[in-house]
>>> print(open('final-v9.tsv').read())   # TSV, C-alpha atoms
chain	number	residue	atom	x	y	z
L	1	MET	CA	-0.84	21.31	-8.46
L	2	SER	CA	-0.36	17.57	-7.95
L	3	SER	CA	-0.65	16.27	-4.42
L	4	PHE	CA	1.35	13.15	-5.32
L	5	VAL	CA	4.26	12.46	-2.95
L	6	SER	CA	6.83	9.86	-3.98
L	7	ALA	CA	8.36	7.45	-1.50
L	8	ALA	CA	11.69	9.25	-1.94
L	9	ASP	CA	10.21	12.59	-0.86
L	10	VAL	CA	9.89	11.36	2.72
L	11	TYR	CA	12.78	8.89	2.73
L	12	PRO	CA	14.47	8.41	5.11
L	13	SER	CA	12.21	9.28	8.03
L	14	LYS	CA	13.79	6.81	10.46
L	15	SER	CA	17.04	4.90	11.02
L	16	ILE	CA	18.33	2.53	8.34
L	17	LYS	CA	19.73	-0.93	9.00
L	18	VAL	CA	22.54	-2.31	6.82
L	19	ILE	CA	23.16	-6.04	7.07
L	20	VAL	CA	26.73	-7.21	6.46
L	21	PRO	CA	26.51	-10.97	5.77
L	22	PHE	CA	30.06	-11.61	7.00
L	23	PRO	CA	31.93	-11.22	10.31
L	24	PRO	CA	33.62	-7.92	11.22
L	25	GLY	CA	36.99	-7.13	9.64
L	26	GLY	CA	36.34	-8.22	6.07
L	27	GLY	CA	36.02	-6.11	2.93
L	28	ALA	CA	32.25	-5.52	3.05
L	29	ASP	CA	32.33	-4.62	6.73
L	30	THR	CA	35.30	-2.26	6.40
L	31	LEU	CA	33.81	-0.34	3.47
L	32	ILE	CA	30.29	0.17	4.83
L	33	ARG	CA	31.67	1.37	8.17
L	34	LEU	CA	33.78	3.89	6.27
L	35	ILE	CA	30.95	5.46	4.28
L	36	ALA	CA	27.91	4.97	6.55
L	37	PRO	CA	28.64	7.85	8.99
L	38	THR	CA	28.76	10.41	6.16
L	39	VAL	CA	25.59	9.03	4.55
L	40	GLY	CA	23.87	9.22	7.94
L	41	GLU	CA	24.96	12.84	8.43
L	42	LEU	CA	23.51	13.82	5.05
L	43	TRP	CA	20.22	12.11	5.80
L	44	LYS	CA	20.16	13.18	9.47
L	45	GLN	CA	19.36	9.58	10.39
L	46	SER	CA	21.36	6.88	12.14
L	47	ILE	CA	22.63	3.93	10.12
L	48	VAL	CA	22.86	0.72	12.12
L	49	ILE	CA	25.30	-1.89	10.81
L	50	GLU	CA	24.61	-5.49	11.76
L	51	ASN	CA	26.91	-8.45	11.02
L	52	ARG	CA	24.96	-11.62	10.17
L	53	PRO	CA	27.53	-14.14	8.88
L	54	GLY	CA	26.95	-17.67	7.66
L	55	ALA	CA	26.50	-19.84	4.53
L	56	SER	CA	28.92	-17.72	2.45
L	57	GLY	CA	26.76	-14.64	3.00
L	58	PHE	CA	23.42	-16.23	2.13
L	59	ILE	CA	22.02	-16.04	5.69
L	60	GLY	CA	22.39	-12.26	5.89
L	61	ALA	CA	21.29	-11.83	2.30
L	62	ASP	CA	18.13	-13.85	2.86
L	63	LEU	CA	17.30	-11.77	5.93
L	64	VAL	CA	17.34	-8.62	3.77
L	65	ALA	CA	15.43	-10.29	0.93
L	66	GLN	CA	12.60	-11.10	3.36
L	67	SER	CA	12.50	-7.55	4.77
L	68	PRO	CA	9.94	-4.89	3.73
L	69	ALA	CA	10.82	-3.31	0.38
L	70	ASP	CA	10.96	0.23	1.76
L	71	GLY	CA	14.69	1.04	1.78
L	72	TYR	CA	15.09	0.78	5.56
L	73	THR	CA	16.85	-2.61	5.48
L	74	LEU	CA	19.78	-2.83	3.07
L	75	LEU	CA	22.44	-5.41	2.28
L	76	MET	CA	26.15	-4.70	1.89
L	77	GLY	CA	26.66	-7.51	-0.59
L	78	SER	CA	29.53	-9.13	-2.45
L	79	THR	CA	30.23	-11.81	-5.03
L	80	ALA	CA	29.37	-14.62	-2.60
L	81	ALA	CA	26.25	-13.14	-1.00
L	82	VAL	CA	24.48	-12.14	-4.22
L	83	THR	CA	24.68	-14.66	-7.05
L	84	GLU	CA	22.60	-15.87	-9.98
L	85	LYS	CA	20.67	-17.96	-7.44
L	86	ASN	CA	19.25	-15.04	-5.47
L	87	ILE	CA	19.77	-11.85	-7.52
L	88	ALA	CA	16.05	-11.77	-8.39
L	89	GLN	CA	15.29	-11.18	-4.70
L	90	PHE	CA	17.10	-7.82	-4.74
L	91	SER	CA	17.14	-4.38	-6.27
L	92	PRO	CA	20.78	-3.46	-6.96
L	93	VAL	CA	21.28	0.02	-5.48
L	94	ALA	CA	24.90	1.17	-5.61
L	95	LEU	CA	28.26	-0.32	-6.47
L	96	VAL	CA	30.66	0.87	-3.75
L	97	SER	CA	33.92	-0.66	-4.96
L	98	ALA	CA	35.08	-3.06	-7.67
L	99	SER	CA	38.72	-3.67	-6.95
L	100	PRO	CA	41.34	-6.30	-7.62
L	101	TYR	CA	42.19	-8.64	-4.80
L	102	VAL	CA	45.73	-9.14	-3.53
L	103	VAL	CA	47.49	-12.50	-3.77
L	104	THR	CA	48.93	-12.58	-0.27
L	105	THR	CA	51.18	-15.07	1.49
L	106	ASN	CA	53.07	-15.43	4.73
L	107	SER	CA	56.78	-16.12	5.16
L	108	GLY	CA	56.13	-19.82	5.80
L	109	LEU	CA	55.46	-20.58	2.14
L	110	ASN	CA	58.81	-19.06	1.14
L	111	VAL	CA	57.71	-17.81	-2.31
L	112	THR	CA	58.13	-14.23	-3.42
L	113	SER	CA	56.56	-14.14	-6.90
L	114	ILE	CA	53.68	-15.56	-8.92
L	115	LYS	CA	56.09	-17.63	-11.02
L	116	ALA	CA	57.59	-19.09	-7.84
L	117	LEU	CA	54.09	-19.80	-6.46
L	118	ILE	CA	53.09	-21.66	-9.63
L	119	ALA	CA	56.33	-23.67	-9.59
L	120	TYR	CA	55.89	-24.55	-5.91
L	121	ALA	CA	52.24	-25.54	-6.40
L	122	LYS	CA	53.17	-27.78	-9.35
L	123	SER	CA	55.82	-29.49	-7.20
L	124	ASN	CA	53.42	-29.81	-4.25
L	125	PRO	CA	49.96	-30.55	-5.73
L	126	GLY	CA	47.11	-29.96	-3.29
L	127	LYS	CA	49.42	-28.81	-0.50
L	128	VAL	CA	49.13	-25.02	-0.89
L	129	ARG	CA	46.23	-24.04	1.37
L	130	TYR	CA	44.34	-20.88	0.45
L	131	GLY	CA	41.63	-19.31	2.58
L	132	SER	CA	38.46	-17.57	1.47
L	133	SER	CA	35.32	-15.98	2.90
L	134	GLY	CA	33.36	-19.04	1.82
L	135	PRO	CA	32.39	-21.15	-1.19
L	136	GLY	CA	31.44	-19.00	-4.17
L	137	SER	CA	33.05	-15.85	-2.81
L	138	ALA	CA	35.41	-13.77	-4.93
L	139	SER	CA	38.26	-14.82	-2.67
L	140	HIS	CA	37.39	-18.45	-3.48
L	141	LEU	CA	36.69	-18.10	-7.20
L	142	ALA	CA	39.78	-15.93	-7.81
L	143	GLY	CA	41.82	-18.85	-6.47
L	144	GLU	CA	39.94	-21.40	-8.59
L	145	LEU	CA	40.50	-19.28	-11.71
L	146	PHE	CA	44.21	-19.01	-10.85
L	147	ALA	CA	44.52	-22.78	-10.33
L	148	SER	CA	42.66	-23.53	-13.57
L	149	MET	CA	44.73	-21.14	-15.70
L	150	ALA	CA	48.06	-22.11	-14.06
L	151	GLY	CA	47.36	-25.84	-14.25
L	152	VAL	CA	47.88	-26.38	-10.52
L	153	THR	CA	45.87	-27.84	-7.65
L	154	LEU	CA	45.33	-25.68	-4.57
L	155	LEU	CA	43.55	-26.71	-1.36
L	156	HIS	CA	40.60	-24.40	-0.67
L	157	VAL	CA	39.92	-23.67	3.02
L	158	PRO	CA	36.60	-21.78	3.45
L	159	TYR	CA	35.87	-19.45	6.38
L	160	LYS	CA	32.85	-17.35	7.40
L	161	GLY	CA	34.69	-14.20	6.32
L	162	THR	CA	38.06	-12.94	5.08
L	163	GLY	CA	38.76	-11.49	8.53
L	164	GLN	CA	38.84	-15.01	9.98
L	165	ALA	CA	40.92	-16.32	7.09
L	166	LEU	CA	43.40	-13.50	7.65
L	167	THR	CA	43.84	-14.53	11.30
L	168	ASP	CA	44.77	-18.06	10.20
L	169	LEU	CA	47.07	-16.78	7.44
L	170	LEU	CA	48.98	-14.72	9.99
L	171	ALA	CA	49.17	-17.75	12.30
L	172	GLY	CA	50.45	-20.00	9.51
L	173	HIS	CA	47.42	-22.32	9.46
L	174	ILE	CA	46.93	-21.50	5.76
L	175	ASP	CA	49.49	-20.38	3.17
L	176	LEU	CA	47.73	-18.02	0.80
L	177	MET	CA	44.80	-15.68	0.26
L	178	PHE	CA	43.22	-13.93	-2.69
L	179	ALA	CA	42.08	-11.16	-0.37
L	180	PRO	CA	40.33	-7.79	-0.50
L	181	ALA	CA	43.08	-5.18	-0.21
L	182	GLN	CA	41.29	-3.36	2.61
L	183	THR	CA	41.55	-6.57	4.67
L	184	VAL	CA	45.27	-7.26	4.20
L	185	MET	CA	47.07	-4.00	3.32
L	186	PRO	CA	47.87	-3.06	6.95
L	187	GLN	CA	49.63	-6.43	7.42
L	188	ILE	CA	51.43	-6.10	4.08
L	189	GLU	CA	52.63	-2.60	4.93
L	190	SER	CA	53.86	-3.76	8.35
L	191	GLY	CA	55.80	-6.62	6.76
L	192	LYS	CA	53.76	-9.42	8.36
L	193	LEU	CA	52.49	-10.55	4.96
L	194	LEU	CA	53.84	-10.41	1.41
L	195	ALA	CA	51.84	-9.19	-1.60
L	196	LEU	CA	52.75	-11.27	-4.64
L	197	ALA	CA	50.39	-9.57	-7.10
L	198	GLN	CA	46.99	-7.98	-7.61
L	199	THR	CA	44.25	-9.75	-9.54
L	200	GLY	CA	42.96	-7.01	-11.87
L	201	ALA	CA	43.50	-6.86	-15.63
L	202	LYS	CA	45.50	-3.66	-15.02
L	203	ARG	CA	47.10	-2.07	-11.97
L	204	SER	CA	44.66	-0.47	-9.58
L	205	GLU	CA	44.82	3.23	-8.75
L	206	ALA	CA	44.87	2.13	-5.11
L	207	LEU	CA	47.75	-0.33	-5.57
L	208	PRO	CA	50.08	1.21	-8.18
L	209	ASN	CA	53.23	-0.54	-6.94
L	210	ILE	CA	51.85	-4.08	-6.88
L	211	PRO	CA	52.11	-5.90	-10.24
L	212	THR	CA	49.18	-7.81	-11.72
L	213	VAL	CA	49.02	-11.60	-11.84
L	214	ALA	CA	48.86	-11.29	-15.64
L	215	GLU	CA	52.13	-9.37	-15.87
L	216	SER	CA	53.77	-11.64	-13.27
L	217	GLY	CA	53.58	-14.93	-15.13
L	218	LEU	CA	49.93	-15.78	-15.86
L	219	PRO	CA	48.86	-13.80	-18.95
L	220	GLY	CA	45.12	-13.17	-19.34
L	221	TYR	CA	44.27	-13.66	-15.67
L	222	SER	CA	41.77	-11.17	-14.25
L	223	ALA	CA	39.47	-11.30	-11.23
L	224	VAL	CA	37.76	-8.42	-9.43
L	225	GLY	CA	36.02	-8.43	-6.08
L	226	TRP	CA	33.08	-6.08	-5.75
L	227	PHE	CA	31.03	-4.71	-2.86
L	228	GLY	CA	27.72	-2.93	-3.19
L	229	LEU	CA	24.41	-2.03	-1.59
L	230	PHE	CA	21.19	-3.87	-2.31
L	231	ALA	CA	17.57	-3.40	-1.26
L	232	PRO	CA	14.83	-6.03	-1.31
L	233	ALA	CA	13.23	-6.55	-4.74
L	234	ASN	CA	10.39	-4.15	-5.56
L	235	THR	CA	11.80	-1.31	-3.45
L	236	PRO	CA	10.42	1.89	-5.04
L	237	LYS	CA	12.72	3.08	-7.83
L	238	SER	CA	12.65	6.61	-6.42
L	239	VAL	CA	14.05	5.33	-3.11
L	240	VAL	CA	16.71	3.23	-4.89
L	241	GLN	CA	17.72	6.29	-6.91
L	242	LYS	CA	17.91	8.51	-3.82
L	243	ILE	CA	20.15	6.02	-1.98
L	244	ASN	CA	22.32	5.61	-5.09
L	245	GLN	CA	22.76	9.36	-5.57
L	246	THR	CA	23.67	9.87	-1.90
L	247	VAL	CA	26.20	7.02	-1.91
L	248	MET	CA	27.78	8.27	-5.15
L	249	PHE	CA	28.04	11.75	-3.67
L	250	VAL	CA	29.80	10.35	-0.59
L	251	LEU	CA	32.19	8.19	-2.66
L	252	ALA	CA	33.20	11.29	-4.64
L	253	GLN	CA	34.24	13.21	-1.50
L	254	GLU	CA	38.02	13.60	-1.42
L	255	ARG	CA	38.24	12.49	2.21
L	256	ILE	CA	36.36	9.26	1.49
L	257	ARG	CA	38.22	8.63	-1.79
L	258	LYS	CA	41.55	9.07	-0.03
L	259	ALA	CA	40.56	6.74	2.81
L	260	MET	CA	39.38	4.05	0.39
L	261	LEU	CA	42.48	4.28	-1.79
L	262	GLU	CA	44.70	4.06	1.29
L	263	ARG	CA	42.92	0.81	2.13
L	264	GLY	CA	43.44	-0.52	-1.39
L	265	SER	CA	39.87	0.02	-2.65
L	266	ASP	CA	38.94	1.84	-5.84
L	267	PRO	CA	35.78	3.92	-5.26
L	268	ALA	CA	33.04	3.13	-7.75
L	269	SER	CA	30.59	5.37	-9.59
L	270	GLY	CA	27.45	4.90	-11.62
L	271	SER	CA	23.69	4.48	-11.45
L	272	ALA	CA	21.69	1.57	-10.04
L	273	GLU	CA	21.02	0.44	-13.62
L	274	GLU	CA	24.75	0.42	-14.39
L	275	PHE	CA	25.36	-1.64	-11.25
L	276	ALA	CA	22.75	-4.17	-12.41
L	277	ALA	CA	24.44	-4.43	-15.83
L	278	PHE	CA	27.85	-4.90	-14.15
L	279	LEU	CA	26.41	-7.73	-12.05
L	280	ARG	CA	25.04	-9.58	-15.08
L	281	LEU	CA	28.48	-9.64	-16.73
L	282	ASP	CA	30.32	-10.58	-13.53
L	283	GLN	CA	27.94	-13.38	-12.61
L	284	SER	CA	28.03	-14.92	-16.10
L	285	LYS	CA	31.86	-15.07	-15.94
L	286	TRP	CA	31.88	-16.93	-12.61
L	287	ALA	CA	28.96	-19.19	-13.60
L	288	LYS	CA	31.01	-20.35	-16.60
L	289	LEU	CA	34.06	-21.08	-14.41
L	290	ILE	CA	31.96	-22.96	-11.84
L	291	LYS	CA	30.28	-25.09	-14.52
L	292	GLU	CA	33.44	-25.89	-16.50
L	293	ASN	CA	35.44	-26.83	-13.41
L	294	LYS	CA	32.58	-28.44	-11.42
L	295	ILE	CA	33.29	-26.15	-8.46
L	296	ALA	CA	31.18	-26.64	-5.33
L	297	VAL	CA	29.91	-23.23	-4.22
L	298	GLN	CA	27.21	-24.20	-1.68
>>> encode(input="final-v9.tsv", output="structure tokens")
Amino acid sequence: MSSFVSAADVYPSKSIKVIVPFPPGGGADTLIRLIAPTVGELWKQSIVIENRPGASGFIGADLVAQSPADGYTLLMGSTAAVTEKNIAQFSPVALVSASPYVVTTNSGLNVTSIKALIAYAKSNPGKVRYGSSGPGSASHLAGELFASMAGVTLLHVPYKGTGQALTDLLAGHIDLMFAPAQTVMPQIESGKLLALAQTGAKRSEALPNIPTVAESGLPGYSAVGWFGLFAPANTPKSVVQKINQTVMFVLAQERIRKAMLERGSDPASGSAEEFAAFLRLDQSKWAKLIKENKIAVQ
């Protein structure tokens, strides 16, 4: 009988730290806090969530990249925090959600449709202020893609996270957001904000009553914001696989699925290898947009 013991056989034997590279209240933070307690119960270990915002997510991401590759320090990443620049520093572990964002405005802008937004932006070039969680984030690039395809100029206002941008949208300091649904749906449902459209190629299971940008006046438009777990590069594959399988099991639980859908997030599925393939396609799309439009992302 072999005496070989894989790293996954004893993992986890102590608490796990998950770094969220954005302030509390944004999409990454909301999702990891939803699933972490159930993952911790299954593993019989505590999961400590730490917010380390800054530099569009790169500060928190770098902290994880420099951590031991043992699965005990993970990153809850997103489009901004993990890019072509630093993907080699990580082992993709599990896609948690890949969902359309919501084009959201306050009453101050006085537009109620995508067609009206495009018309207003054409009449007021550079005056429509849209907030994001930082340069290079999905909430930034979704806006840049919209402006490019619609032939309009929007004023990008970067924040350290979508939670902070939301505060300013509600206060009227900015006019618009391309926001993770889990960040803005409570304000939309209460009538404080208006959802003009969702950014996916087709309507999301979580947002069946909100039309897409493409069907609302900008054919061909599609942008998805994703959130997922990463470990430092060279983390044992057996540990990556164990984390992936546990997270996928949790995402398939009806209670978790229901809670995510209520917040506007579509639960993901798939292996670590499928997540890595998804990232390659997503990053090539945004790299092309950034290059063609000379967009500053750092």
>>> residues_around(input="final-v9.tsv", residues="L:Leu155", least_positions_apart="5", cutoff="8 Å", atoms="only C-alpha atoms", output="short mmCIF file (atom, residue, chain, number, x, y, z; two decimals) with C-alpha atoms, in the coordinates of the input")
data_model
loop_
_atom_site.label_atom_id
_atom_site.label_comp_id
_atom_site.auth_asym_id
_atom_site.auth_seq_id
_atom_site.Cartn_x
_atom_site.Cartn_y
_atom_site.Cartn_z
CA GLY L 126 47.11 -29.96 -3.29
CA LYS L 127 49.42 -28.81 -0.50
CA VAL L 128 49.13 -25.02 -0.89
CA ARG L 129 46.23 -24.04 1.37
CA TYR L 130 44.34 -20.88 0.45
#
>>> closest_residue(input="final-v9.tsv", among="L:Ala94, L:Ile114, L:Ala233, L:Leu31", to="L:Ile49", atoms="all atoms listed in the file")
L:Leu31
>>> closest_residue(input="final-v9.tsv", among="L:Val240, L:Val96, L:Ala147, L:Ala259", to="L:Ala28", atoms="all atoms listed in the file")
L:Val96
>>> atom_distance(input="final-v9.tsv", atom1="atom CA of L:Lys44", atom2="atom CA of L:Asp266")
26.8 Å
>>> residues_near_point(input="final-v9.tsv", point="(24.1, -18.6, 6.4)", cutoff="12 Å", atoms="all atoms listed in the file", output="PyMOL selection string")
chain L and resi 20-23+51-63+80-81+134-135+159-161+298
>>> residues_around(input="final-v9.tsv", residues="stretch 138-141 of chain L", least_positions_apart="5", cutoff="8 Å", atoms="only C-alpha atoms", output="ChimeraX atom specification")
/L:78-80,101,131-133,156,158,162,177-180,223-225,286
>>> atom_distance(input="final-v9.tsv", atom1="atom CA of L:Asn106", atom2="atom CA of L:Leu170")
6.7 Å
>>> residues_around(input="final-v9.tsv", residues="L:Ala171", least_positions_apart="6", cutoff="12 Å", atoms="all atoms listed in the file", output="list in words")
Thr105, Asn106, Ser107, Gly108, Gln164, Ala165, Lys192 and Leu193 of chain L
>>> residues_near_point(input="final-v9.tsv", point="(27.3, 2.7, -7.1)", cutoff="6 Å", atoms="all atoms listed in the file", output="PyMOL selection string")
chain L and resi 94-96+248+268-271
>>> residues_around(input="final-v9.tsv", residues="L:Glu189", least_positions_apart="2", cutoff="12 Å", atoms="all atoms listed in the file", output="NGL selection string")
:L and (104 or 181-187 or 191-195 or 207 or 210 or 262-264)
>>> atom_distance(input="final-v9.tsv", atom1="atom CA of L:Lys285", atom2="atom CA of L:Ile243")
27.9 Å
>>> closest_residue(input="final-v9.tsv", among="L:Leu251, L:Ala116, L:Met149, L:Ile16", to="L:Ser265", atoms="only C-alpha atoms")
L:Leu251
>>> closest_residue(input="final-v9.tsv", among="L:Lys291, L:Lys85, L:Arg257, L:Lys115", to="L:Gly217", atoms="all atoms listed in the file")
L:Lys115
>>> residues_around(input="final-v9.tsv", residues="L:Ile118", least_positions_apart="3", cutoff="10 Å", atoms="all atoms listed in the file", output="CSV table (one decimal) with C-alpha atoms, in the frame of the given file")
chain,number,residue,atom,x,y,z
L,111,VAL,CA,57.7,-17.8,-2.3
L,113,SER,CA,56.6,-14.1,-6.9
L,114,ILE,CA,53.7,-15.6,-8.9
L,115,LYS,CA,56.1,-17.6,-11.0
L,121,ALA,CA,52.2,-25.5,-6.4
L,122,LYS,CA,53.2,-27.8,-9.4
L,123,SER,CA,55.8,-29.5,-7.2
L,124,ASN,CA,53.4,-29.8,-4.2
L,146,PHE,CA,44.2,-19.0,-10.8
L,147,ALA,CA,44.5,-22.8,-10.3
L,150,ALA,CA,48.1,-22.1,-14.1
L,151,GLY,CA,47.4,-25.8,-14.2
L,152,VAL,CA,47.9,-26.4,-10.5
L,153,THR,CA,45.9,-27.8,-7.6
L,217,GLY,CA,53.6,-14.9,-15.1
L,218,LEU,CA,49.9,-15.8,-15.9
>>> closest_residue(input="final-v9.tsv", among="L:Gln245, L:Gln89, L:Asn209, L:Ser15", to="L:Leu75", atoms="all atoms listed in the file")
L:Gln89
>>> closest_residue(input="final-v9.tsv", among="L:Leu229, L:Leu166, L:Ile87, L:Val247", to="L:Leu279", atoms="only C-alpha atoms")
L:Ile87
